[in-house]
file data.cif (mmCIF, C-alpha atoms)
data_my_file
#
loop_
_atom_site.label_atom_id
_atom_site.label_comp_id
_atom_site.auth_asym_id
_atom_site.auth_seq_id
_atom_site.Cartn_x
_atom_site.Cartn_y
_atom_site.Cartn_z
CA MET M 1 -73.95 63.91 44.21
CA SER M 2 -76.52 63.14 46.83
CA GLY M 3 -77.12 64.60 50.24
CA LEU M 4 -78.44 63.83 53.66
CA GLY M 5 -81.69 65.75 53.36
CA SER M 6 -82.66 67.69 56.43
CA THR M 7 -79.21 67.56 57.98
CA GLY M 8 -77.84 70.01 55.46
CA TYR M 9 -74.61 68.06 55.34
CA ASP M 10 -73.83 66.87 51.83
CA ILE M 11 -71.35 64.13 51.02
CA ALA M 12 -70.42 62.86 47.57
CA VAL M 13 -71.86 59.46 46.64
CA GLY M 14 -70.25 56.97 44.25
CA THR M 15 -68.59 53.58 44.00
CA TYR M 16 -65.31 52.39 45.51
CA GLU M 17 -63.83 52.53 41.97
CA ASP M 18 -64.85 56.20 41.71
CA ALA M 19 -63.02 56.85 44.97
CA LEU M 20 -59.90 54.94 43.85
CA ALA M 21 -59.81 57.01 40.66
CA MET M 22 -59.60 60.13 42.82
CA ILE M 23 -56.49 59.05 44.78
CA GLY M 24 -53.71 61.56 44.26
CA TYR M 25 -56.12 64.43 43.65
CA THR M 26 -54.89 67.61 45.30
CA THR M 27 -57.21 70.53 45.90
CA PRO M 28 -56.38 74.06 44.85
CA VAL M 29 -55.22 76.24 47.74
CA ARG M 30 -58.14 77.14 49.98
CA PHE M 31 -57.73 80.39 51.91
CA ALA M 32 -59.20 80.95 55.36
CA GLU M 33 -62.16 83.29 55.27
CA VAL M 34 -61.35 84.76 58.68
CA PRO M 35 -58.00 85.55 60.27
CA VAL M 36 -57.03 83.68 63.42
CA ASN M 37 -58.75 85.72 66.10
CA VAL M 38 -58.76 85.97 69.84
CA GLY M 39 -62.55 85.61 70.17
CA MET M 40 -62.77 82.21 68.50
CA ALA M 41 -59.55 81.06 70.16
CA ARG M 42 -60.78 81.85 73.67
CA TYR M 43 -64.23 80.40 73.01
CA PHE M 44 -62.59 77.13 72.01
CA ALA M 45 -60.34 77.23 75.08
CA ALA M 46 -63.52 77.77 77.13
CA MET M 47 -65.09 74.68 75.57
CA VAL M 48 -62.19 72.44 76.62
CA HIS M 49 -61.54 74.39 79.88
CA ASP M 50 -57.95 75.14 78.89
CA ALA M 51 -56.30 77.79 81.10
CA ASN M 52 -53.09 77.98 78.99
CA ALA M 53 -51.63 81.49 79.41
CA GLY M 54 -50.82 81.65 75.68
CA PHE M 55 -54.55 81.96 74.94
CA TRP M 56 -55.59 84.19 77.83
CA ASP M 57 -52.72 86.54 78.77
CA GLU M 58 -51.58 88.84 75.98
CA ASP M 59 -48.45 90.03 77.83
CA PHE M 60 -47.31 86.48 78.49
CA ALA M 61 -48.18 85.37 74.96
CA THR M 62 -46.34 88.31 73.38
CA ASP M 63 -43.25 87.57 75.44
CA VAL M 64 -43.22 83.83 74.67
CA TRP M 65 -44.85 83.53 71.22
CA GLY M 66 -44.84 87.04 69.79
CA GLY M 67 -48.60 87.43 70.31
CA CYS M 68 -51.68 85.60 71.51
CA ILE M 69 -51.86 82.10 70.07
CA ALA M 70 -54.80 79.92 69.13
CA PRO M 71 -55.21 76.37 70.45
CA PRO M 72 -53.41 74.05 68.00
CA ALA M 73 -56.52 71.83 68.04
CA MET M 74 -58.33 74.58 66.08
CA LEU M 75 -56.07 74.11 63.03
CA MET M 76 -58.87 72.76 60.82
CA THR M 77 -61.37 75.33 62.03
CA TRP M 78 -59.58 78.24 60.41
CA VAL M 79 -60.07 76.84 56.90
CA ILE M 80 -63.69 75.69 57.26
CA PRO M 81 -65.81 77.86 55.00
CA ILE M 82 -68.41 80.18 56.51
CA GLU M 83 -71.86 78.52 56.55
CA TRP M 84 -73.75 81.21 54.66
CA LYS M 85 -72.76 84.04 52.38
CA PRO M 86 -74.62 87.03 51.04
CA GLY M 87 -75.97 85.95 47.66
CA GLY M 88 -76.34 82.35 48.81
CA ALA M 89 -73.17 80.77 47.35
CA LEU M 90 -72.79 77.32 48.93
CA PRO M 91 -69.55 76.61 50.79
CA MET M 92 -67.23 73.98 49.27
CA PRO M 93 -66.92 71.08 51.75
CA LEU M 94 -63.56 69.72 52.89
CA LEU M 95 -62.02 67.06 50.64
CA THR M 96 -63.02 64.15 52.90
CA ALA M 97 -66.70 64.89 52.21
CA ARG M 98 -66.08 65.08 48.45
CA VAL M 99 -64.74 61.54 47.97
CA PRO M 100 -67.44 59.53 46.16
CA LEU M 101 -68.29 56.37 48.13
CA PRO M 102 -71.41 54.38 48.94
CA GLY M 103 -71.45 55.04 52.72
CA THR M 104 -74.16 57.41 53.91
CA THR M 105 -72.25 58.78 56.88
CA PHE M 106 -68.81 58.93 58.51
CA VAL M 107 -66.86 59.15 61.75
CA ASN M 108 -63.26 60.18 62.19
CA ALA M 109 -60.76 57.40 62.92
CA SER M 110 -57.40 59.09 63.44
CA ASN M 111 -55.60 62.39 63.08
CA GLU M 112 -51.87 63.02 63.12
CA THR M 113 -50.53 66.55 62.96
CA GLU M 114 -47.03 67.98 62.99
CA PHE M 115 -46.69 71.66 63.86
CA PHE M 116 -43.82 73.83 62.65
CA ARG M 117 -44.73 77.17 64.25
CA PRO M 118 -47.37 78.52 66.59
CA ILE M 119 -50.66 79.78 65.16
CA ARG M 120 -50.94 83.40 66.18
CA VAL M 121 -53.81 85.85 66.24
CA GLY M 122 -53.77 87.72 62.92
CA ASP M 123 -52.44 84.79 60.87
CA VAL M 124 -54.45 83.98 57.76
CA LEU M 125 -54.01 80.30 57.02
CA ASN M 126 -54.43 78.39 53.80
CA VAL M 127 -54.56 74.69 53.08
CA THR M 128 -54.13 72.19 50.29
CA GLU M 129 -55.61 68.72 50.75
CA GLU M 130 -54.63 65.51 48.96
CA LEU M 131 -56.52 62.24 48.79
CA VAL M 132 -53.87 59.69 49.80
CA ASP M 133 -55.72 56.40 50.18
CA VAL M 134 -59.11 54.70 50.20
CA SER M 135 -59.14 51.27 51.84
CA ALA M 136 -61.01 48.22 50.60
CA MET M 137 -64.33 47.51 52.32
CA LYS M 138 -63.86 46.87 56.04
CA ARG M 139 -66.34 45.77 58.67
CA THR M 140 -66.37 47.52 62.07
CA ALA M 141 -68.77 47.65 65.02
CA LEU M 142 -70.44 50.69 63.42
CA GLY M 143 -70.96 49.11 60.01
CA GLU M 144 -69.25 48.38 56.70
CA GLY M 145 -67.29 50.99 54.86
CA HIS M 146 -64.01 52.44 53.67
CA PHE M 147 -61.22 54.28 55.45
CA VAL M 148 -60.37 57.54 53.66
CA THR M 149 -56.91 59.02 54.24
CA THR M 150 -56.23 62.66 53.39
CA ALA M 151 -53.08 64.74 53.89
CA SER M 152 -53.31 68.50 54.39
CA THR M 153 -50.61 71.15 54.34
CA PHE M 154 -51.32 74.39 56.19
CA ARG M 155 -49.41 77.58 55.44
CA ARG M 156 -49.52 81.16 56.64
CA GLN M 157 -50.13 84.22 54.42
CA ASP M 158 -46.35 84.73 54.07
CA GLY M 159 -45.97 81.16 52.81
CA ALA M 160 -44.42 79.82 56.02
CA LEU M 161 -45.26 76.18 56.71
CA VAL M 162 -47.51 75.93 59.78
CA ALA M 163 -48.58 72.28 59.96
CA ARG M 164 -48.98 69.01 58.12
CA MET M 165 -51.91 66.78 58.98
CA THR M 166 -52.91 63.25 58.01
CA ASN M 167 -56.50 62.33 58.74
CA VAL M 168 -58.27 58.98 58.45
CA LEU M 169 -62.05 58.96 58.28
CA PHE M 170 -64.39 55.95 58.23
CA ARG M 171 -67.10 56.33 55.61
CA PHE M 172 -69.79 53.72 56.23
CA ASP M 173 -73.35 52.45 56.15
CA PRO M 174 -74.61 52.02 59.71
CA VAL M 175 -75.50 48.51 60.87
CA ALA M 176 -79.29 48.15 60.47
CA ALA M 177 -80.94 48.76 63.84
CA MET G 1 -50.67 87.60 85.94
CA ILE G 2 -54.33 86.72 85.52
CA GLU G 3 -55.96 84.70 88.27
CA GLY G 4 -56.71 81.10 87.35
CA VAL G 5 -54.51 81.09 84.23
CA ASP G 6 -51.77 78.44 83.97
CA TYR G 7 -48.24 79.86 84.10
CA ALA G 8 -46.29 77.11 85.91
CA GLN G 9 -43.69 75.51 83.63
CA ARG G 10 -41.77 72.26 83.80
CA PHE G 11 -38.29 72.37 82.33
CA PHE G 12 -36.56 69.62 80.37
CA GLU G 13 -34.34 68.84 83.32
CA ASP G 14 -37.39 68.28 85.58
CA ILE G 15 -39.00 65.66 83.34
CA GLU G 16 -38.17 61.97 83.30
CA PRO G 17 -39.61 58.99 81.42
CA GLY G 18 -42.20 57.30 83.63
CA ASP G 19 -43.52 60.60 85.05
CA GLU G 20 -47.31 60.54 85.29
CA LEU G 21 -49.31 63.51 84.07
CA ALA G 22 -51.95 64.97 86.38
CA ARG G 23 -55.25 63.20 85.69
CA VAL G 24 -58.04 65.40 84.31
CA ASP G 25 -61.75 64.58 84.71
CA ASP G 26 -64.16 66.69 82.68
CA GLU G 27 -67.94 66.33 82.65
CA ILE G 28 -69.23 66.69 79.10
CA THR G 29 -72.74 68.10 79.25
CA TYR G 30 -75.01 68.55 76.21
CA ARG G 31 -74.09 72.23 76.39
CA ARG G 32 -70.39 71.40 76.08
CA VAL G 33 -71.00 69.12 73.08
CA ILE G 34 -72.99 71.89 71.39
CA MET G 35 -70.18 74.39 72.09
CA ASN G 36 -68.13 72.06 69.95
CA PRO G 37 -69.66 72.92 66.53
CA ALA G 38 -70.07 76.51 67.69
CA THR G 39 -66.37 76.92 68.38
CA THR G 40 -64.88 74.66 65.70
CA TRP G 41 -67.35 75.32 62.87
CA ASP G 42 -67.70 71.57 62.46
CA TYR G 43 -71.44 71.24 61.86
CA PHE G 44 -71.45 67.52 61.14
CA PRO G 45 -74.87 66.56 62.58
CA GLY G 46 -73.54 63.75 64.80
CA HIS G 47 -72.21 66.55 67.04
CA HIS G 48 -75.47 68.48 67.48
CA ASP G 49 -78.45 66.38 66.33
CA PRO G 50 -79.32 63.39 68.60
CA GLU G 51 -81.75 62.01 66.01
CA TYR G 52 -79.00 61.90 63.40
CA ALA G 53 -76.56 60.33 65.88
CA ARG G 54 -79.08 57.55 66.65
CA ALA G 55 -79.58 56.89 62.91
CA GLN G 56 -75.78 56.41 62.78
CA GLY G 57 -76.03 53.74 65.48
CA GLN G 58 -74.83 56.01 68.31
CA PRO G 59 -76.93 56.59 71.48
CA THR G 60 -76.76 60.40 71.26
CA ILE G 61 -74.53 63.28 70.13
CA TYR G 62 -70.82 62.94 70.71
CA VAL G 63 -67.79 65.24 70.81
CA ASN G 64 -65.86 65.85 67.60
CA THR G 65 -62.23 65.11 66.80
CA MET G 66 -61.15 68.66 67.56
CA HIS G 67 -62.53 68.26 71.08
CA TYR G 68 -60.35 65.15 71.59
CA LEU G 69 -57.38 67.11 70.27
CA GLY G 70 -58.12 70.11 72.47
CA PHE G 71 -58.67 67.94 75.53
CA ALA G 72 -55.41 66.05 74.96
CA ASP G 73 -53.57 69.36 74.47
CA ARG G 74 -55.08 70.70 77.69
CA VAL G 75 -53.99 67.62 79.66
CA VAL G 76 -50.45 67.95 78.25
CA SER G 77 -49.93 71.70 78.56
CA GLY G 78 -51.77 71.84 81.90
CA TRP G 79 -49.10 69.47 83.18
CA ALA G 80 -46.03 70.66 81.24
CA GLY G 81 -46.81 74.38 81.22
CA PRO G 82 -47.71 77.09 78.69
CA ARG G 83 -44.19 77.55 77.33
CA SER G 84 -44.44 74.07 75.81
CA PHE G 85 -44.74 73.88 72.03
CA LEU G 86 -46.82 71.08 70.53
CA VAL G 87 -44.60 69.46 67.89
CA ARG G 88 -46.65 66.40 66.96
CA ARG G 89 -49.87 64.81 68.09
CA LYS G 90 -51.52 61.60 66.93
CA VAL G 91 -55.03 60.71 68.06
CA SER G 92 -56.72 57.41 67.23
CA THR G 93 -60.38 57.41 68.18
CA LEU G 94 -61.56 54.08 69.58
CA ALA G 95 -64.99 54.99 70.95
CA SER G 96 -67.17 58.06 71.14
CA VAL G 97 -67.53 60.38 74.13
CA TYR G 98 -71.25 61.19 74.43
CA ALA G 99 -73.13 64.06 75.99
CA GLY G 100 -73.53 63.09 79.64
CA ASP G 101 -70.16 61.30 79.82
CA THR G 102 -67.09 62.35 81.76
CA MET G 103 -63.86 62.61 79.77
CA VAL G 104 -60.88 61.28 81.69
CA GLY G 105 -57.35 62.17 80.60
CA THR G 106 -54.37 60.21 81.89
CA GLY G 107 -50.85 60.00 80.55
CA ARG G 108 -47.20 59.45 81.15
CA VAL G 109 -43.85 60.46 79.78
CA VAL G 110 -42.29 57.78 77.58
CA GLY G 111 -39.13 59.53 76.41
CA LYS G 112 -37.05 62.71 76.23
CA ARG G 113 -34.39 63.79 73.75
CA ARG G 114 -32.39 66.77 72.54
CA GLU G 115 -32.43 67.70 68.85
CA GLU G 116 -30.24 70.26 67.08
CA ARG G 117 -31.35 71.97 63.90
CA ASP G 118 -30.13 75.10 62.08
CA GLY G 119 -28.20 76.32 65.11
CA TYR G 120 -31.19 75.90 67.37
CA VAL G 121 -31.87 73.18 69.86
CA ARG G 122 -35.14 71.56 70.79
CA HIS G 123 -35.76 69.68 74.00
CA LEU G 124 -38.38 67.11 73.14
CA VAL G 125 -40.60 65.08 75.44
CA ASP G 126 -42.72 62.16 74.24
CA ILE G 127 -45.98 61.47 76.05
CA GLU G 128 -48.59 58.72 75.71
CA LEU G 129 -52.14 59.56 76.78
CA THR G 130 -55.47 57.86 77.04
CA VAL G 131 -58.77 59.66 76.77
CA GLY G 132 -61.29 57.54 78.65
CA ASN G 133 -64.77 57.88 80.08
CA GLN G 134 -66.49 57.28 83.43
CA HIS G 135 -66.99 53.58 82.59
CA GLY G 136 -63.25 53.04 82.19
CA ASP G 137 -63.54 52.62 78.39
CA ARG G 138 -60.61 53.75 76.26
CA CYS G 139 -62.06 56.32 73.85
CA ALA G 140 -58.86 57.60 72.27
CA ALA G 141 -55.17 56.72 72.24
CA VAL G 142 -52.97 59.78 71.92
CA SER G 143 -49.24 60.18 71.42
CA VAL G 144 -47.73 63.62 71.68
CA THR G 145 -44.31 65.20 71.33
CA ILE G 146 -43.74 68.61 72.90
CA ALA G 147 -40.75 70.92 72.98
CA VAL G 148 -40.14 72.39 76.42
CA PRO G 149 -37.67 75.03 77.60
CA ALA G 150 -34.41 73.89 79.19
CA ARG G 151 -32.42 75.64 81.91
CA GLU G 152 -29.27 74.35 80.20
CA ASP G 153 -29.71 76.39 77.00
CA PRO G 154 -32.57 78.87 77.44
CA GLU G 155 -31.70 81.25 74.57
CA ARG G 156 -31.10 78.75 71.79
CA SER G 157 -34.18 76.76 72.79
CA ARG G 158 -36.36 79.88 72.54
CA LEU G 159 -38.08 80.81 69.28
CA TRP G 160 -36.43 78.01 67.33
CA TRP G 161 -38.84 78.42 64.42
#

call {"tool": "encode", "arguments": {"input": "data.cif", "output": "C-alpha cells"}}
result
Amino acid sequence: MSGLGSTGYDIAVGTYEDALAMIGYTTPVRFAEVPVNVGMARYFAAMVHDANAGFWDEDFATDVWGGCIAPPAMLMTWVIPIEWKPGGALPMPLLTARVPLPGTTFVNASNETEFFRPIRVGDVLNVTEELVDVSAMKRTALGEGHFVTTASTFRRQDGALVARMTNVLFRFDPVAA
Amino acid sequence: MIEGVDYAQRFFEDIEPGDELARVDDEITYRRVIMNPATTWDYFPGHHDPEYARAQGQPTIYVNTMHYLGFADRVVSGWAGPRSFLVRRKVSTLASVYAGDTMVGTGRVVGKRREERDGYVRHLVDIELTVGNQHGDRCAAVSVTIAVPAREDPERSRLWW
C-alpha cells in the first residue's frame, strides 16, 4: 500500500496481475454511518440548484413519496465513511480505491445506476461492492492506465433493494508535463 | 406551496419523442466546486485542491461525478416535474467541467413506453442529454429513463414499488 502524501487520499498500489487476481472479490456489507437526512439532502440540492419539491416541501413529498426524499445523485454519499472518528480509526476507502494498480491517480469514466425505490429521509442504506473487470493498459489524453469496473448493490435497513450501480473508473499515470 | 419550488408536472400523455427539454445554463464558481466535496463527502483532491488537479494534468479543480449526476437529474426533473421517478441513468464523462466554467444541459425525449409489472403499470420516458460547457465542448453524455404519472391510470401508476 502506498499513498499520495499530503493529499490524504490513499489508493492501493500494485501490478495489473494483482488487480486481475482481485476480480470477483465482493466486499462485506458496508453500513451507512448516518441515516439519509434532510440537511445533507437539501445542501446537495442547493449545490446543483435543484428546486424539486420532493427535496424541499415535506407535505408534497409525504403525499407523493411517503416522506422527504434525497436526490438520487447522492446514492454513493450515504455509504462514504465519516472522515474522522474518535480514537482515530481510519475509514475504509471504497473498493475502487483498493484495487492494486500502478496508476498514481484516477478519474471517473462512467456511471450507470438503476433505482428501484426512492431514497427517503430516515433510510439507512448499506452496500456491497464487487470488482467486475480491470481492462488491459489503455492510452487516453490524460495518460496510460486501466479502466476499473465495479458493481454495487444498495439496500435499505429492511433489506429492500434500493439501487444497483456499475461504475467505471480510469486509474492512470498522468502524461508527463 | 413554497415559492420558487418546482411543482409543475408533465404527464405521460403530454410527452412525445422529439420533445426538447428546457436548456439549463449554470455557472460553476470555485465555491460551487468546493460545495461538491462538502455535500457529497467525496474528498478526492481533484475536486478541492488546484495543485493536485494540475499534477493530474488538469488546469484546475473540477466537479465530481455526483455533480454531473445531480445536474442531469435537475435538468430532467426540472422539465418533467417532481412526480417523476428516476428509473435508470447512465453518465459517460468525456471531459471535465472546471471551476469558472458554465455547465450547459440540453436534452430530448427519444422514446416512451408502458410497462406492466406485478399488477402495477409504469409509464416510462427515455431521454438523451448532453452536459456541455461554455465552449460548446461535450463534457458528458447522459441517458435517462424516468417513470412519470399518467392521466390514463393514475392509481396503478402511483407507488408502484

call {"tool": "closest_residue", "arguments": {"input": "data.cif", "among": "G:Asp19, G:Asp126, G:Glu27, G:Asp6", "to": "chain M", "atoms": "all atoms listed in the file"}}
result
G:Asp6

call {"tool": "closest_residue", "arguments": {"input": "data.cif", "among": "G:Tyr30, G:Trp41, G:Trp79, G:Tyr98", "to": "chain M", "atoms": "all atoms listed in the file"}}
result
G:Trp41

call {"tool": "interface_residues", "arguments": {"input": "data.cif", "of": "chain M", "to": "chain G", "cutoff": "8 Å", "atoms": "all atoms listed in the file", "output": "number ranges by chain"}}
result
M: 7, 9, 40, 43-45, 47-54, 56-57, 64-65, 71-74, 76-77, 80, 105, 108-118, 142, 174-175, 177

call {"tool": "residues_around", "arguments": {"input": "data.cif", "residues": "Ala12 of chain M", "least_positions_apart": "6", "cutoff": "10 Å", "atoms": "all atoms listed in the file", "output": "PyMOL selection string"}}
result
chain M and resi 1-3+19+93+95-104

call {"tool": "residues_near_point", "arguments": {"input": "data.cif", "point": "(-58.4, 86.5, 62.2)", "cutoff": "10 Å", "atoms": "only C-alpha atoms", "output": "PyMOL selection string"}}
result
chain M and resi 32-41+78+120-125

call {"tool": "residues_around", "arguments": {"input": "data.cif", "residues": "Glu58 of chain M", "least_positions_apart": "6", "cutoff": "9 Å", "atoms": "all atoms listed in the file", "output": "list in words"}}
result
Gly67, Cys68 and Ile69 of chain M

call {"tool": "atom_distance", "arguments": {"input": "data.cif", "atom1": "atom CA of Gly24 of chain M", "atom2": "atom CA of Leu131 of chain M"}}
result
5.4 Å

call {"tool": "closest_residue", "arguments": {"input": "data.cif", "among": "G:Asn133, G:Thr29, G:Ala99, G:Val76", "to": "Pro59 of chain G", "atoms": "only C-alpha atoms"}}
result
G:Ala99

call {"tool": "resolve_selection", "arguments": {"input": "data.cif", "expression": "the PyMOL selection byres ((chain M and resi 146) around 7)", "output": "MDAnalysis selection string"}}
result
chainID M and resid 134:138 145 147:148 170:172

call {"tool": "atom_distance", "arguments": {"input": "data.cif", "atom1": "atom CA of Glu20 of chain G", "atom2": "atom CA of Val109 of chain G"}}
result
6.5 Å
